[in-house]
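Asks: Just one file: data-v2.txt, with compact mmCIF, C-alpha atoms and all ligand atoms.
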# COMPACT_ATOMS: atom_id res chain seq x y z
CA PRO Z 21 56.29 149.13 117.35
CA THR Z 22 57.74 145.63 117.11
CA ASN Z 23 57.03 142.08 118.10
CA GLU Z 24 59.08 140.10 120.56
CA ALA Z 25 61.34 138.58 117.95
CA GLU Z 26 62.79 141.82 116.66
CA VAL Z 27 64.26 144.91 118.23
CA GLU Z 28 62.96 148.35 117.45
CA VAL Z 29 64.81 150.02 114.60
CA PHE Z 30 64.74 153.81 114.47
CA SER Z 31 64.74 156.13 111.47
CA VAL Z 32 66.38 159.55 111.74
CA PRO Z 33 67.14 162.20 109.07
CA SER Z 34 70.83 163.01 108.77
CA TYR Z 35 70.95 166.77 109.45
CA ALA Z 36 70.18 167.94 113.00
CA CYS Z 37 68.21 170.87 111.50
CA GLN Z 38 65.75 168.34 110.02
CA ARG Z 39 65.03 166.89 113.45
CA ARG Z 40 63.07 167.98 116.53
CA THR Z 41 65.43 167.72 119.48
CA THR Z 42 63.74 168.55 122.77
CA LEU Z 43 65.43 168.56 126.18
CA GLU Z 44 63.93 165.15 126.84
CA ASN Z 45 66.68 162.62 126.24
CA ARG Z 46 66.24 158.88 126.81
CA ASN Z 47 69.91 158.13 126.25
CA THR Z 48 71.80 160.45 128.58
CA VAL Z 49 74.33 157.78 129.57
CA LEU Z 50 75.38 157.40 125.94
CA THR Z 51 75.13 161.08 124.99
CA ASP Z 52 77.09 162.18 128.09
CA ALA Z 53 79.86 159.77 127.14
CA LEU Z 54 80.01 160.96 123.52
CA SER Z 55 79.79 164.62 124.60
CA LEU Z 56 82.75 164.14 126.91
CA LEU Z 57 84.81 162.74 124.04
CA ALA Z 58 83.64 165.66 121.88
CA GLU Z 59 84.72 168.11 124.54
CA ASN Z 60 88.11 166.43 124.89
CA ALA Z 61 88.61 166.58 121.11
CA GLU Z 62 87.62 170.27 121.00
CA LEU Z 63 90.00 171.06 123.86
CA SER Z 64 92.73 169.22 121.96
CA ALA Z 65 92.32 171.19 118.72
CA GLU Z 66 90.73 168.20 116.98
CA GLU Z 67 87.66 170.00 115.73
CA GLY Z 68 86.72 167.37 113.16
CA ARG Z 69 86.63 164.60 115.73
CA GLY Z 70 84.69 166.87 118.06
CA VAL Z 71 81.99 167.48 115.46
CA ALA Z 72 81.77 163.76 114.69
CA PHE Z 73 81.11 162.94 118.36
CA ARG Z 74 78.62 165.85 118.65
CA ARG Z 75 76.71 164.61 115.59
CA ALA Z 76 76.61 161.06 116.95
CA ALA Z 77 75.36 162.26 120.35
CA ALA Z 78 72.71 164.42 118.64
CA VAL Z 79 71.30 161.38 116.78
CA LEU Z 80 70.93 159.48 120.06
CA LYS Z 81 69.17 162.49 121.63
CA VAL Z 82 66.17 162.13 119.31
CA LEU Z 83 65.60 158.39 119.79
CA PRO Z 84 62.23 157.73 121.47
CA GLU Z 85 63.56 154.88 123.63
CA PRO Z 86 66.77 154.02 125.43
CA VAL Z 87 69.12 152.03 123.21
CA THR Z 88 69.62 148.54 124.61
CA ASP Z 89 71.01 146.67 121.64
CA MET Z 90 73.45 147.59 118.87
CA THR Z 91 71.05 146.22 116.23
CA GLN Z 92 68.71 149.14 117.00
CA LEU Z 93 71.29 151.49 115.54
CA LYS Z 94 71.32 149.93 112.08
CA GLY Z 95 70.80 152.54 109.38
CA LEU Z 96 71.14 155.53 111.70
CA PRO Z 97 73.18 158.45 110.27
CA CYS Z 98 76.30 160.03 111.79
CA LEU Z 99 77.32 157.01 113.86
CA GLY Z 100 80.93 156.40 112.88
CA GLU Z 101 83.09 153.45 113.78
CA HIS Z 102 84.55 155.23 116.79
CA SER Z 103 81.21 156.34 118.24
CA LEU Z 104 79.73 152.86 117.68
CA ARG Z 105 82.66 151.33 119.57
CA VAL Z 106 82.00 153.65 122.53
CA ILE Z 107 78.28 152.85 122.51
CA LYS Z 108 78.96 149.09 122.29
CA ASP Z 109 81.38 149.30 125.20
CA ILE Z 110 78.76 151.01 127.36
CA LEU Z 111 75.94 148.65 126.38
CA GLU Z 112 78.09 145.57 127.03
CA ASN Z 113 80.24 146.66 129.99
CA GLY Z 114 78.28 149.51 131.56
CA ALA Z 115 81.05 152.00 130.75
CA SER Z 116 83.45 152.97 128.00
CA SER Z 117 87.11 152.47 128.86
CA GLU Z 118 88.08 155.38 126.60
CA VAL Z 119 85.63 157.74 128.31
CA GLU Z 120 86.72 156.62 131.78
CA SER Z 121 90.42 157.00 131.05
CA THR Z 122 89.82 160.41 129.44
CA LYS Z 123 87.92 161.56 132.53
CA GLN Z 124 90.78 160.42 134.77
CA SER Z 125 93.56 161.83 132.62
CA GLU Z 126 95.58 164.65 134.14
CA ARG Z 127 95.61 166.47 130.84
CA PHE Z 128 91.81 166.49 130.44
CA LYS Z 129 91.30 167.55 134.05
CA ALA Z 130 93.80 170.38 133.65
CA LEU Z 131 92.26 171.52 130.35
CA LYS Z 132 88.82 171.62 131.99
CA VAL Z 133 89.97 173.62 135.02
CA LEU Z 134 92.06 176.09 133.03
CA THR Z 135 89.49 176.72 130.27
CA GLY Z 136 86.96 177.19 133.09
CA VAL Z 137 88.70 180.52 133.57
CA PHE Z 138 86.72 183.02 131.47
CA GLY Z 139 89.03 184.32 128.73
CA VAL Z 140 91.11 181.15 128.55
CA GLY Z 141 90.77 179.03 125.43
CA ALA Z 142 92.17 175.63 124.57
CA LYS Z 143 95.35 177.08 123.06
CA THR Z 144 96.30 179.06 126.15
CA ALA Z 145 95.44 176.17 128.46
CA ASP Z 146 97.60 173.83 126.38
CA ARG Z 147 100.55 176.22 126.56
CA TRP Z 148 100.19 176.55 130.33
CA ILE Z 149 100.00 172.76 130.75
CA ARG Z 150 103.23 172.40 128.78
CA GLU Z 151 104.75 174.91 131.22
CA GLY Z 152 103.66 172.70 134.13
CA ILE Z 153 100.52 174.62 135.16
CA HIS Z 154 97.68 172.18 135.88
CA ASP Z 155 95.42 173.95 138.38
CA LEU Z 156 94.38 177.40 139.58
CA GLN Z 157 96.85 177.52 142.45
CA GLN Z 158 99.73 176.78 140.06
CA LEU Z 159 98.34 179.45 137.72
CA LYS Z 160 98.22 182.02 140.52
CA ASP Z 161 101.73 181.07 141.69
CA SER Z 162 103.19 181.28 138.18
CA ARG Z 163 104.13 184.68 136.88
CA GLN Z 164 101.90 184.32 133.82
CA THR Z 165 100.67 187.63 132.51
CA LEU Z 166 96.88 187.48 132.49
CA ASN Z 167 94.74 189.77 130.36
CA ARG Z 168 91.79 191.69 131.80
CA ALA Z 169 89.26 188.97 130.92
CA GLN Z 170 91.40 186.26 132.49
CA ARG Z 171 91.94 188.27 135.66
CA ALA Z 172 88.17 188.69 136.01
CA GLY Z 173 87.72 184.99 135.17
CA LEU Z 174 90.11 183.94 137.90
CA GLU Z 175 88.65 186.34 140.44
CA HIS Z 176 85.07 185.12 139.85
CA TYR Z 177 85.94 181.53 138.98
CA ASP Z 178 83.50 179.79 141.36
CA ASP Z 179 80.54 182.00 140.47
CA ILE Z 180 81.15 181.80 136.73
CA ASN Z 181 81.43 178.01 136.87
CA GLN Z 182 78.21 177.67 138.81
CA PRO Z 183 75.22 177.16 136.46
CA VAL Z 184 72.95 180.17 135.96
CA SER Z 185 69.30 179.45 136.82
CA LYS Z 186 66.31 180.62 134.78
CA ALA Z 187 65.34 182.86 137.73
CA GLU Z 188 68.76 184.51 137.58
CA ALA Z 189 68.48 184.85 133.79
CA ASP Z 190 65.11 186.59 134.24
CA ALA Z 191 66.55 188.95 136.84
CA ILE Z 192 69.41 189.84 134.48
CA GLY Z 193 66.81 190.30 131.73
CA GLU Z 194 64.99 192.93 133.79
CA ILE Z 195 68.22 194.84 134.32
CA VAL Z 196 69.07 194.73 130.61
CA GLU Z 197 65.51 195.87 129.75
CA GLU Z 198 65.87 198.81 132.11
CA ALA Z 199 69.25 199.76 130.67
CA VAL Z 200 67.98 199.59 127.09
CA ALA Z 201 64.76 201.49 127.85
CA SER Z 202 66.80 204.22 129.54
CA VAL Z 203 69.22 204.81 126.68
CA LEU Z 204 66.95 204.15 123.66
CA PRO Z 205 63.20 204.03 124.27
CA GLY Z 206 61.52 201.65 121.83
CA ALA Z 207 64.51 199.35 121.51
CA GLN Z 208 63.69 195.67 122.02
CA VAL Z 209 65.44 193.02 124.08
CA THR Z 210 65.13 189.30 123.25
CA LEU Z 211 66.47 186.41 125.32
CA ILE Z 212 68.52 184.13 123.05
CA GLY Z 213 70.92 181.20 123.54
CA GLY Z 214 70.07 178.20 125.69
CA PHE Z 215 67.39 179.92 127.77
CA ARG Z 216 65.39 180.68 124.61
CA ARG Z 217 65.52 176.95 123.88
CA GLY Z 218 63.88 176.30 127.24
CA LYS Z 219 66.97 175.16 129.13
CA LEU Z 220 66.58 175.44 132.92
CA THR Z 221 70.22 176.41 133.45
CA GLY Z 222 73.01 177.90 131.37
CA HIS Z 223 76.66 178.84 131.50
CA ASP Z 224 75.70 182.42 130.67
CA VAL Z 225 72.73 184.57 129.63
CA ASP Z 226 72.48 185.85 126.04
CA PHE Z 227 70.45 188.81 124.73
CA LEU Z 228 69.78 190.24 121.28
CA ILE Z 229 68.89 193.93 121.07
CA THR Z 230 67.37 195.79 118.13
CA HIS Z 231 65.19 198.79 117.30
CA PRO Z 232 62.17 198.66 114.94
CA GLU Z 233 63.50 201.67 113.01
CA GLU Z 234 66.57 200.73 110.95
CA GLY Z 235 69.65 202.71 111.95
CA ARG Z 236 68.44 203.71 115.40
CA GLU Z 237 70.52 200.84 116.87
CA VAL Z 238 73.81 202.40 115.66
CA GLY Z 239 76.03 203.26 118.60
CA LEU Z 240 73.64 201.63 121.03
CA MET Z 241 76.01 199.17 122.74
CA PRO Z 242 78.37 201.74 124.32
CA LYS Z 243 75.36 203.57 125.74
CA ILE Z 244 73.94 200.39 127.27
CA VAL Z 245 77.33 199.51 128.72
CA SER Z 246 77.80 203.02 130.18
CA TRP Z 247 74.39 202.85 131.83
CA LEU Z 248 75.09 199.41 133.30
CA GLU Z 249 78.51 200.55 134.48
CA SER Z 250 77.14 203.69 136.11
CA GLN Z 251 74.65 201.55 138.03
CA GLY Z 252 77.38 199.21 139.26
CA PHE Z 253 76.08 196.15 137.38
CA LEU Z 254 79.30 195.25 135.55
CA LEU Z 255 82.32 193.44 136.99
CA TYR Z 256 83.87 193.16 133.51
CA GLN Z 257 82.95 194.02 129.94
CA LYS Z 258 84.58 193.97 126.55
CA THR Z 259 82.68 195.50 123.68
CA ILE Z 260 83.51 194.58 120.10
CA ARG Z 261 82.17 197.12 117.68
CA ASN Z 262 80.53 196.04 114.52
CA SER Z 263 82.94 195.39 111.74
CA TYR Z 264 81.11 196.52 108.63
CA LEU Z 265 82.78 199.80 109.29
CA GLU Z 266 86.45 200.11 108.57
CA SER Z 267 88.56 198.93 111.42
CA ASP Z 268 92.07 199.93 112.40
CA ASP Z 269 93.55 197.10 110.37
CA GLY Z 270 91.79 198.07 107.17
CA PRO Z 271 88.38 197.45 105.61
CA ALA Z 272 86.22 194.66 107.03
CA ARG Z 273 86.91 191.48 105.11
CA PRO Z 274 83.96 189.54 103.73
CA CYS Z 275 84.58 186.81 106.29
CA SER Z 276 81.42 184.75 105.83
CA ASN Z 277 81.23 182.70 109.02
CA MET Z 278 82.31 185.39 111.43
CA ASP Z 279 79.78 187.39 113.25
CA ARG Z 280 80.07 191.14 112.63
CA PHE Z 281 77.52 192.52 115.07
CA GLU Z 282 78.36 194.86 117.88
CA ARG Z 283 78.69 192.60 120.89
CA CYS Z 284 79.57 192.75 124.51
CA PHE Z 285 81.04 189.92 126.55
CA SER Z 286 80.47 190.76 130.18
CA VAL Z 287 80.37 189.61 133.77
CA PHE Z 288 77.38 190.96 135.69
CA LYS Z 289 77.19 191.55 139.39
CA LEU Z 290 73.77 190.16 140.29
CA ALA Z 291 72.59 191.15 143.75
CA GLU Z 292 70.37 188.81 145.73
CA ASP Z 293 67.79 191.58 146.10
CA GLU Z 294 67.71 192.09 142.32
CA LYS Z 295 66.62 188.47 142.11
CA ARG Z 296 63.95 189.01 144.73
CA ARG Z 297 62.77 192.12 142.89
CA ALA Z 298 62.36 189.91 139.84
CA GLY Z 299 59.97 187.79 141.90
CA GLN Z 300 62.34 185.12 143.07
CA THR Z 301 62.97 183.41 146.36
CA GLN Z 302 66.22 183.68 148.23
CA SER Z 303 69.26 182.11 146.63
CA HIS Z 304 70.55 178.83 147.99
CA HIS Z 305 74.22 179.59 147.53
CA ALA Z 306 75.11 182.96 149.04
CA SER Z 307 78.69 182.15 149.93
CA ALA Z 308 80.73 183.25 152.90
CA GLU Z 309 83.49 185.72 152.12
CA ASP Z 310 85.51 187.97 154.42
CA GLY Z 311 83.61 186.43 157.27
CA GLY Z 312 80.30 187.69 155.95
CA LEU Z 313 77.70 186.65 153.37
CA LYS Z 314 78.40 187.73 149.82
CA PRO Z 315 75.04 189.19 148.78
CA TRP Z 316 75.66 188.88 145.05
CA ARG Z 317 77.05 186.54 142.42
CA ALA Z 318 78.94 187.00 139.17
CA VAL Z 319 77.10 185.93 135.99
CA ARG Z 320 78.43 185.77 132.43
CA VAL Z 321 76.23 187.79 130.06
CA ASP Z 322 76.51 188.22 126.28
CA LEU Z 323 74.81 191.16 124.52
CA VAL Z 324 74.42 191.46 120.75
CA VAL Z 325 72.98 194.41 118.81
CA SER Z 326 71.49 193.85 115.36
CA PRO Z 327 69.79 196.18 112.86
CA ILE Z 328 66.13 195.23 112.40
CA SER Z 329 66.79 194.26 108.75
CA GLN Z 330 68.99 191.37 109.97
CA PHE Z 331 67.06 190.57 113.14
CA ALA Z 332 65.57 187.24 112.01
CA PHE Z 333 69.00 185.96 110.93
CA ALA Z 334 70.59 187.13 114.17
CA LEU Z 335 67.82 185.52 116.21
CA LEU Z 336 68.21 182.22 114.37
CA GLY Z 337 72.01 182.38 114.54
CA TRP Z 338 72.22 183.14 118.24
CA THR Z 339 69.55 180.79 119.55
CA GLY Z 340 71.67 177.67 119.01
CA SER Z 341 72.38 175.00 119.87
CA LYS Z 342 75.87 175.27 118.43
CA LEU Z 343 75.45 171.97 116.60
CA PHE Z 344 72.01 173.01 115.30
CA GLU Z 345 73.60 176.21 113.87
CA ARG Z 346 76.44 174.29 112.30
CA GLU Z 347 74.00 171.84 110.72
CA LEU Z 348 71.81 174.65 109.35
CA ARG Z 349 74.83 176.14 107.59
CA ARG Z 350 75.92 172.73 106.33
CA TRP Z 351 72.40 172.05 105.01
CA ALA Z 352 72.30 175.47 103.33
CA GLY Z 353 75.67 174.95 101.65
CA HIS Z 354 75.54 171.29 100.71
CA GLU Z 355 71.86 170.76 99.98
CA LYS Z 356 70.74 174.20 98.75
CA THR Z 357 73.89 175.93 97.44
CA MET Z 358 73.14 178.80 99.78
CA SER Z 359 75.24 180.59 102.39
CA LEU Z 360 73.64 181.20 105.77
CA SER Z 361 75.10 183.49 108.41
CA SER Z 362 73.62 185.36 111.35
CA HIS Z 363 73.40 188.37 109.01
CA ALA Z 364 71.85 187.01 105.82
CA LEU Z 365 71.00 184.12 103.52
CA TYR Z 366 72.57 184.19 100.06
CA ASP Z 367 71.46 182.00 97.16
CA ASN Z 368 74.63 181.17 95.23
CA THR Z 369 72.66 179.88 92.21
CA GLN Z 370 70.35 182.87 91.79
CA ARG Z 371 73.08 185.18 93.07
CA THR Z 372 70.69 186.98 95.32
CA TYR Z 373 70.07 187.64 99.01
CA LEU Z 374 66.89 186.07 100.35
CA ARG Z 375 65.01 188.45 102.65
CA ALA Z 376 63.31 187.33 105.82
CA THR Z 377 61.61 189.03 108.74
CA SER Z 378 61.00 185.86 110.76
CA GLU Z 379 62.76 182.59 111.52
CA GLU Z 380 59.86 180.77 109.84
CA GLU Z 381 60.69 182.49 106.53
CA ILE Z 382 64.34 181.46 106.78
CA PHE Z 383 63.42 177.79 107.31
CA ALA Z 384 61.04 178.09 104.34
CA HIS Z 385 63.80 179.58 102.12
CA LEU Z 386 65.98 176.65 103.16
CA GLY Z 387 63.28 174.09 102.30
CA LEU Z 388 63.13 172.91 105.90
CA ASP Z 389 60.14 172.35 108.17
CA TYR Z 390 60.06 175.03 110.86
CA ILE Z 391 61.73 173.87 114.08
CA PRO Z 392 60.85 176.01 117.13
CA PRO Z 393 63.61 176.99 119.61
CA SER Z 394 62.56 174.35 122.16
CA GLU Z 395 63.26 171.68 119.53
CA ARG Z 396 66.72 172.97 118.54
CA ASN Z 397 68.49 171.29 121.45
CA ALA Z 398 70.70 169.12 119.25
P1 LIG N 1 76.40 180.06 124.00
O1 LIG N 1 75.96 181.09 124.98
O2 LIG N 1 77.87 179.75 124.02
O3 LIG N 1 75.65 178.67 124.20
P2 LIG N 1 74.18 178.32 124.70
O4 LIG N 1 73.45 179.55 125.14
O5 LIG N 1 73.52 177.52 123.65
O6 LIG N 1 74.45 177.36 125.92
P3 LIG N 1 74.75 177.75 127.44
O7 LIG N 1 73.50 177.45 128.18
O8 LIG N 1 75.87 176.86 127.85
O9 LIG N 1 75.11 179.20 127.50
O10 LIG N 1 76.06 180.50 122.53
C1 LIG N 1 74.73 180.84 122.12
C2 LIG N 1 74.61 180.85 120.62
O11 LIG N 1 75.29 181.95 120.08
C3 LIG N 1 75.18 179.62 119.96
O12 LIG N 1 74.21 179.06 119.13
C4 LIG N 1 76.25 180.08 119.07
C5 LIG N 1 75.99 181.54 118.94
N1 LIG N 1 77.27 182.29 118.90
C6 LIG N 1 77.66 182.94 117.74
O13 LIG N 1 76.94 182.93 116.76
N2 LIG N 1 78.86 183.59 117.70
C7 LIG N 1 79.66 183.63 118.76
O14 LIG N 1 80.74 184.23 118.70
C8 LIG N 1 79.23 182.97 119.96
C9 LIG N 1 80.08 182.97 121.17
C10 LIG N 1 78.03 182.32 119.98
MN MN N 2 86.99 179.41 128.62
MN MN N 3 74.38 180.92 126.46
MN MN N 4 76.90 183.12 125.20
If you took the structure in this file and wrote it as structure tokens, what would it be?
Replies:
Amino acid sequence: PTNEAEVEVFSVPSYACQRRTTLENRNTVLTDALSLLAENAELSAEEGRGVAFRRAAAVLKVLPEPVTDMTQLKGLPCLGEHSLRVIKDILENGASSEVESTKQSERFKALKVLTGVFGVGAKTADRWIREGIHDLQQLKDSRQTLNRAQRAGLEHYDDINQPVSKAEADAIGEIVEEAVASVLPGAQVTLIGGFRRGKLTGHDVDFLITHPEEGREVGLMPKIVSWLESQGFLLYQKTIRNSYLESDDGPARPCSNMDRFERCFSVFKLAEDEKRRAGQTQSHHASAEDGGLKPWRAVRVDLVVSPISQFAFALLGWTGSKLFERELRRWAGHEKTMSLSSHALYDNTQRTYLRATSEEEIFAHLGLDYIPPSERNA
């Protein structure tokens, strides 16, 4: 609310977990630009710069109006010199020269294509680029040894890099429900990740599985995976067992930030008729292969199993967004002297674990207003 003589000045709290970030974004031109620079930094092992760009983009996501003038940004948190320069460039020239040259750069394009292969991270992509591999054909022609994940990633590259729709996520959800009900009646399946935040598409589908009776969830993941495999639903899976138990390389270390749940990274084979069974219309992208129509697509799916005693922490920790999670932990540590993980919340002053059976309780322990999943899209 302003008069003609002055521009609107916005006020925004500094931690993303203090803000309500819906999917409605009035500044997509600016946030896309900053997100691209964040991605480039992350792919270049410059995590600090990546976080700085992500934080700046997240501030712009909550502004109620499109930014038209630099003076509107006065007093806003998390906008560093570099981000402000990018924003100014776009407001004045319609584009940022740094963003445009990054987009065009051979290195960025190669990093994007190579890390688009499931199982390939920034480090591997960087090594390949230094060996002269810049695209998938060069990767196939090289005699690089690929691990099982990377072979699956290459084989299903197009499918995996095509966004997953909510309809497809729901169809996968029905299959996971059936698997879980078959191997442990009473166990519960919850959609997490981006789809829980109300996103209409995702790069994968994430599920959290638990049982209301503590302990009943032990050993559950291998049973779910066996069932899915026996039904022909899995193109690839790698299960990581929970690491409270002793592992081959000795006792589990108290590694605070790492997740220690049993998880499964997988690639599902989703048939078109599974989607129809889930109440959906025909897919728009059945692709031609071997002269015929391929009646299925590959979809990345993540499964996590948590004991009921940690369920609220797991739910909060796996709903995202990634920046929202990072900001929650930063808030806990810096403002409350607490340590938050997807397993527990520890009060370092009282030297005690703070119990919670709902996300609402965790926000309350942290002295934060409750932010529902649909408003965690930072
Ligand atoms: P993602 O599935 O990577 O991201 P997303 O669901 O928010 O977005 P997209 O639509 O692109 O799939 O991760 C989901 C959440 O899980 C995210 O908040 C971070 C959390 N997570 C962990 O806690 N540990 C992990 O090892 C991974 C991979 C994710
Ligand atoms: Mn990758
Ligand atoms: Mn996801
Ligand atoms: Mn995921």
Asks: Could I get the residues of chain Z with an atom no further than 8 Å from an atom of ligand LIG 1 (chain N), each paired with its nearest atom pair and that distance in Å to one decimal, using only C-alpha atoms and all ligand atoms, sorted by chain and residue number, as CSV?
Replies:
residue,atom,partner,partner_atom,distance
Z:Ile212,CA,N:LIG1,O4,7.0
Z:Gly213,CA,N:LIG1,O4,3.4
Z:Gly214,CA,N:LIG1,O4,3.7
Z:Phe215,CA,N:LIG1,O7,6.6
Z:Lys219,CA,N:LIG1,O7,7.0
Z:Thr221,CA,N:LIG1,O7,6.3
Z:Gly222,CA,N:LIG1,O7,3.3
Z:His223,CA,N:LIG1,O8,4.2
Z:Asp224,CA,N:LIG1,O9,4.6
Z:Val225,CA,N:LIG1,O9,6.2
Z:Asp226,CA,N:LIG1,O1,6.0
Z:Met278,CA,N:LIG1,N2,7.4
Z:Asp279,CA,N:LIG1,N2,5.9
Z:Asp322,CA,N:LIG1,O1,7.3
Z:Gly337,CA,N:LIG1,O13,5.4
Z:Trp338,CA,N:LIG1,O11,3.8
Z:Thr339,CA,N:LIG1,O12,5.0
Z:Gly340,CA,N:LIG1,O12,2.9
Z:Ser341,CA,N:LIG1,O12,4.5
Z:Lys342,CA,N:LIG1,O12,4.2
Z:Leu343,CA,N:LIG1,O12,7.6
Z:Phe344,CA,N:LIG1,O12,7.5
Z:Glu345,CA,N:LIG1,O12,6.0
Z:Ser362,CA,N:LIG1,O13,6.8
Asks: May I ask for the distance between CA of Val119 (chain Z) and CA of Ala145 (chain Z), given in Å to one decimal place?
Replies: 20.9 Å
Asks: How far is it from CA of Phe128 (chain Z) to CA of Arg320 (chain Z), in Å with one decimal?
Replies: 23.6 Å
Asks: Please report the interatomic distance between CA of Thr48 (chain Z) and CA of Ala130 (chain Z) in Å with one decimal.
Replies: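 Pair CA of Thr48 (chain Z) / CA of Ala130 (chain Z) returns 24.7 Å.
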Asks: Nearest residue to Leu386 (chain Z) out of Z:Thr135, Z:Asn113, Z:Ser286, Z:Cys37, using only C-alpha atoms?
Replies: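 The closest residue to Leu386 (chain Z) is Z:Cys37.
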Asks: Using all atoms listed in the file, which of Z:Val321, Z:Ala376, Z:Ile244, Z:Leu348 sits nearest ligand MN 3 (chain N)?
Replies: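 Comparing Z:Val321, Z:Ala376, Z:Ile244, Z:Leu348 against ligand MN 3 (chain N), the winner is Z:Val321.
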